[in-house]
Amino acid sequence: MRNYFKILVVLLTVFAFTACSDDDEALDSQKPTIVMSEPEDGEAFEIGGELHFDIDLSDNEGLASYKVDIHNNFDGHTHSVVKQEAEEPWSFQQTFQIAGNPRTFEAHEHIQIPAGIAEGEYHLGVIVVDAAGNQEEAFVEIVLGHEG
């Protein structure tokens, strides 16, 4: 009788693990997508003015958040010696939550560009995270300067 009990425990354990393996395939492993309509790569904005962007986000299951990241590209990310500027480079990061985990989301944001920052090339990036934690990112280069 003891042997039957041991065999029953082993069979139930094996069954439990094989039954769960199908659930693993059902997990969302697909990254969300980003379509950035504005700004266009290389677009110029005035220091002290406003930067706006339009993005369309989508996911097969549901979106959770997106982050806007703006940082300078003064060295072209080559780690070369950078000319010292009187003004400091600008850096901006903000995360926006997407309520209700929709499959599609249109974002239109306006960001104030502070006065007194260094002119030059900057990267504007959008990092989107879906409800399962998968993430995708897209970057464009923008130019910040003074009019004239």
# chains A, B, ... in the order shown; residues from 1 in each chain; ligands from 1
>>> residues_around(residues="Gln93 (chain A)", least_positions_apart="4", cutoff="12 Å", atoms="only C-alpha atoms", output="VMD selection string")
chain A and resid 66 to 71 111 123 to 127
>>> write_last_selection(atoms="N, CA, C and O atoms", output="short mmCIF file (atom, residue, chain, number, x, y, z; two decimals), in the first residue's frame")
data_model
loop_
_atom_site.label_atom_id
_atom_site.label_comp_id
_atom_site.auth_asym_id
_atom_site.auth_seq_id
_atom_site.Cartn_x
_atom_site.Cartn_y
_atom_site.Cartn_z
N TYR A 66 5.04 54.77 -20.33
CA TYR A 66 6.11 55.16 -21.23
C TYR A 66 6.92 56.26 -20.56
O TYR A 66 6.42 56.99 -19.70
N LYS A 67 8.17 56.31 -20.92
CA LYS A 67 9.11 57.27 -20.34
C LYS A 67 9.71 58.10 -21.46
O LYS A 67 10.07 57.57 -22.51
N VAL A 68 9.83 59.40 -21.21
CA VAL A 68 10.50 60.31 -22.14
C VAL A 68 11.87 60.61 -21.55
O VAL A 68 11.98 60.98 -20.37
N ASP A 69 12.89 60.43 -22.35
CA ASP A 69 14.28 60.66 -21.92
C ASP A 69 14.96 61.57 -22.93
O ASP A 69 15.05 61.22 -24.10
N ILE A 70 15.41 62.74 -22.48
CA ILE A 70 16.16 63.65 -23.34
C ILE A 70 17.51 63.87 -22.69
O ILE A 70 17.60 64.21 -21.50
N HIS A 71 18.56 63.65 -23.47
CA HIS A 71 19.92 63.87 -22.97
C HIS A 71 20.81 64.35 -24.12
O HIS A 71 20.48 64.14 -25.28
N ILE A 111 6.79 69.77 -23.80
CA ILE A 111 7.83 69.88 -22.79
C ILE A 111 8.51 71.23 -22.96
O ILE A 111 8.97 71.58 -24.06
N HIS A 123 19.48 63.68 -27.81
CA HIS A 123 18.66 62.51 -28.13
C HIS A 123 17.35 62.63 -27.38
O HIS A 123 17.33 62.96 -26.20
N LEU A 124 16.25 62.38 -28.07
CA LEU A 124 14.94 62.28 -27.45
C LEU A 124 14.51 60.83 -27.60
O LEU A 124 14.39 60.32 -28.72
N GLY A 125 14.32 60.19 -26.48
CA GLY A 125 13.94 58.78 -26.49
C GLY A 125 12.62 58.53 -25.82
O GLY A 125 12.23 59.25 -24.90
N VAL A 126 11.92 57.52 -26.30
CA VAL A 126 10.69 57.04 -25.68
C VAL A 126 10.89 55.57 -25.37
O VAL A 126 11.28 54.79 -26.25
N ILE A 127 10.68 55.21 -24.12
CA ILE A 127 10.78 53.82 -23.68
C ILE A 127 9.39 53.41 -23.21
O ILE A 127 8.84 54.02 -22.30
#
>>> residues_around(residues="region 32-43 of chain A", least_positions_apart="5", cutoff="8 Å", atoms="only C-alpha atoms", output="MDAnalysis selection string")
chainID A and resid 52:60 63 128:130 134:138 140:143
>>> write_last_selection(atoms="N, CA, C and O atoms", output="CSV table (one decimal), in the first residue's frame")
chain,number,residue,atom,x,y,z
A,52,HIS,N,7.4,69.5,-28.6
A,52,HIS,CA,6.2,68.6,-28.5
A,52,HIS,C,6.5,67.4,-29.4
A,52,HIS,O,7.3,67.4,-30.3
A,53,PHE,N,5.8,66.3,-29.0
A,53,PHE,CA,6.0,65.1,-29.7
A,53,PHE,C,4.6,64.3,-29.7
A,53,PHE,O,3.8,64.5,-28.9
A,54,ASP,N,4.5,63.5,-30.8
A,54,ASP,CA,3.3,62.7,-31.0
A,54,ASP,C,3.9,61.3,-31.2
A,54,ASP,O,4.7,61.0,-32.0
A,55,ILE,N,3.3,60.3,-30.4
A,55,ILE,CA,3.7,58.9,-30.5
A,55,ILE,C,2.5,58.1,-30.5
A,55,ILE,O,1.5,58.4,-29.8
A,56,ASP,N,2.5,57.0,-31.2
A,56,ASP,CA,1.5,55.9,-31.1
A,56,ASP,C,2.1,54.7,-30.6
A,56,ASP,O,3.1,54.2,-31.1
A,57,LEU,N,1.5,54.2,-29.5
A,57,LEU,CA,2.0,53.0,-28.8
A,57,LEU,C,1.0,51.8,-29.0
A,57,LEU,O,-0.2,52.1,-29.0
A,58,SER,N,1.5,50.6,-29.1
A,58,SER,CA,0.6,49.5,-29.2
A,58,SER,C,1.3,48.2,-28.6
A,58,SER,O,2.5,48.1,-28.6
A,59,ASP,N,0.4,47.3,-28.2
A,59,ASP,CA,0.9,46.0,-27.6
A,59,ASP,C,-0.2,45.0,-27.9
A,59,ASP,O,-1.3,45.3,-27.9
A,60,ASN,N,0.3,43.7,-27.9
A,60,ASN,CA,-0.7,42.6,-28.2
A,60,ASN,C,-1.6,42.4,-27.0
A,60,ASN,O,-2.7,41.8,-27.1
A,63,LEU,N,-0.7,48.0,-22.5
A,63,LEU,CA,0.4,49.0,-22.2
A,63,LEU,C,0.3,49.4,-20.8
A,63,LEU,O,-0.8,49.6,-20.2
A,128,VAL,N,8.8,52.4,-23.8
A,128,VAL,CA,7.5,52.0,-23.5
A,128,VAL,C,7.6,50.6,-22.8
A,128,VAL,O,8.4,49.7,-23.2
A,129,VAL,N,6.7,50.4,-21.8
A,129,VAL,CA,6.7,49.1,-21.1
A,129,VAL,C,5.2,48.6,-21.1
A,129,VAL,O,4.3,49.3,-20.9
A,130,ASP,N,5.1,47.3,-21.5
A,130,ASP,CA,3.7,46.7,-21.5
A,130,ASP,C,3.4,46.1,-20.1
A,130,ASP,O,4.2,46.1,-19.2
A,134,ASN,N,7.5,43.8,-20.7
A,134,ASN,CA,8.4,43.9,-21.9
A,134,ASN,C,8.5,45.3,-22.3
A,134,ASN,O,7.6,46.1,-22.1
A,135,GLN,N,9.7,45.7,-22.8
A,135,GLN,CA,9.9,47.1,-23.1
A,135,GLN,C,10.6,47.2,-24.5
A,135,GLN,O,11.3,46.3,-25.0
A,136,GLU,N,10.3,48.4,-25.1
A,136,GLU,CA,10.9,48.8,-26.4
A,136,GLU,C,11.2,50.2,-26.3
A,136,GLU,O,10.7,51.0,-25.5
A,137,GLU,N,12.2,50.7,-27.1
A,137,GLU,CA,12.6,52.1,-27.1
A,137,GLU,C,12.9,52.6,-28.5
A,137,GLU,O,13.2,51.8,-29.4
A,138,ALA,N,12.7,53.9,-28.7
A,138,ALA,CA,12.9,54.5,-29.9
A,138,ALA,C,13.5,55.9,-29.6
A,138,ALA,O,13.1,56.6,-28.7
A,140,VAL,N,15.3,59.6,-31.4
A,140,VAL,CA,15.6,60.5,-32.6
A,140,VAL,C,16.5,61.5,-32.1
A,140,VAL,O,16.6,61.8,-30.9
A,141,GLU,N,17.3,62.1,-33.0
A,141,GLU,CA,18.2,63.2,-32.7
A,141,GLU,C,17.5,64.5,-32.9
A,141,GLU,O,16.8,64.7,-34.0
A,142,ILE,N,17.6,65.4,-32.0
A,142,ILE,CA,17.0,66.8,-32.1
A,142,ILE,C,18.1,67.8,-31.9
A,142,ILE,O,19.1,67.4,-31.3
A,143,VAL,N,17.9,69.0,-32.4
A,143,VAL,CA,18.9,70.0,-32.2
A,143,VAL,C,18.3,71.2,-31.4
A,143,VAL,O,17.2,71.7,-31.8
>>> atom_distance(atom1="CA of Thr95 (chain A)", atom2="CA of Ser65 (chain A)")
7.0 Å
>>> closest_residue(among="A:Leu27, A:Ala44, A:Gly62, A:Ile113", to="Ile98 (chain A)", atoms="only C-alpha atoms")
A:Gly62
>>> closest_residue(among="A:Gly133, A:His108, A:Gly48, A:Asn73", to="Phe96 (chain A)", atoms="only C-alpha atoms")
A:His108
>>> closest_residue(among="A:Gln30, A:Phe92, A:Gly49, A:Glu61", to="Tyr122 (chain A)", atoms="only C-alpha atoms")
A:Phe92
>>> closest_residue(among="A:Arg103, A:Gln94, A:Ala132, A:Leu144", to="Gly116 (chain A)", atoms="only C-alpha atoms")
A:Leu144
>>> atom_distance(atom1="CA of Ala118 (chain A)", atom2="CA of Glu46 (chain A)")
11.3 Å
>>> atom_distance(atom1="CA of Phe105 (chain A)", atom2="CA of Glu50 (chain A)")
22.5 Å
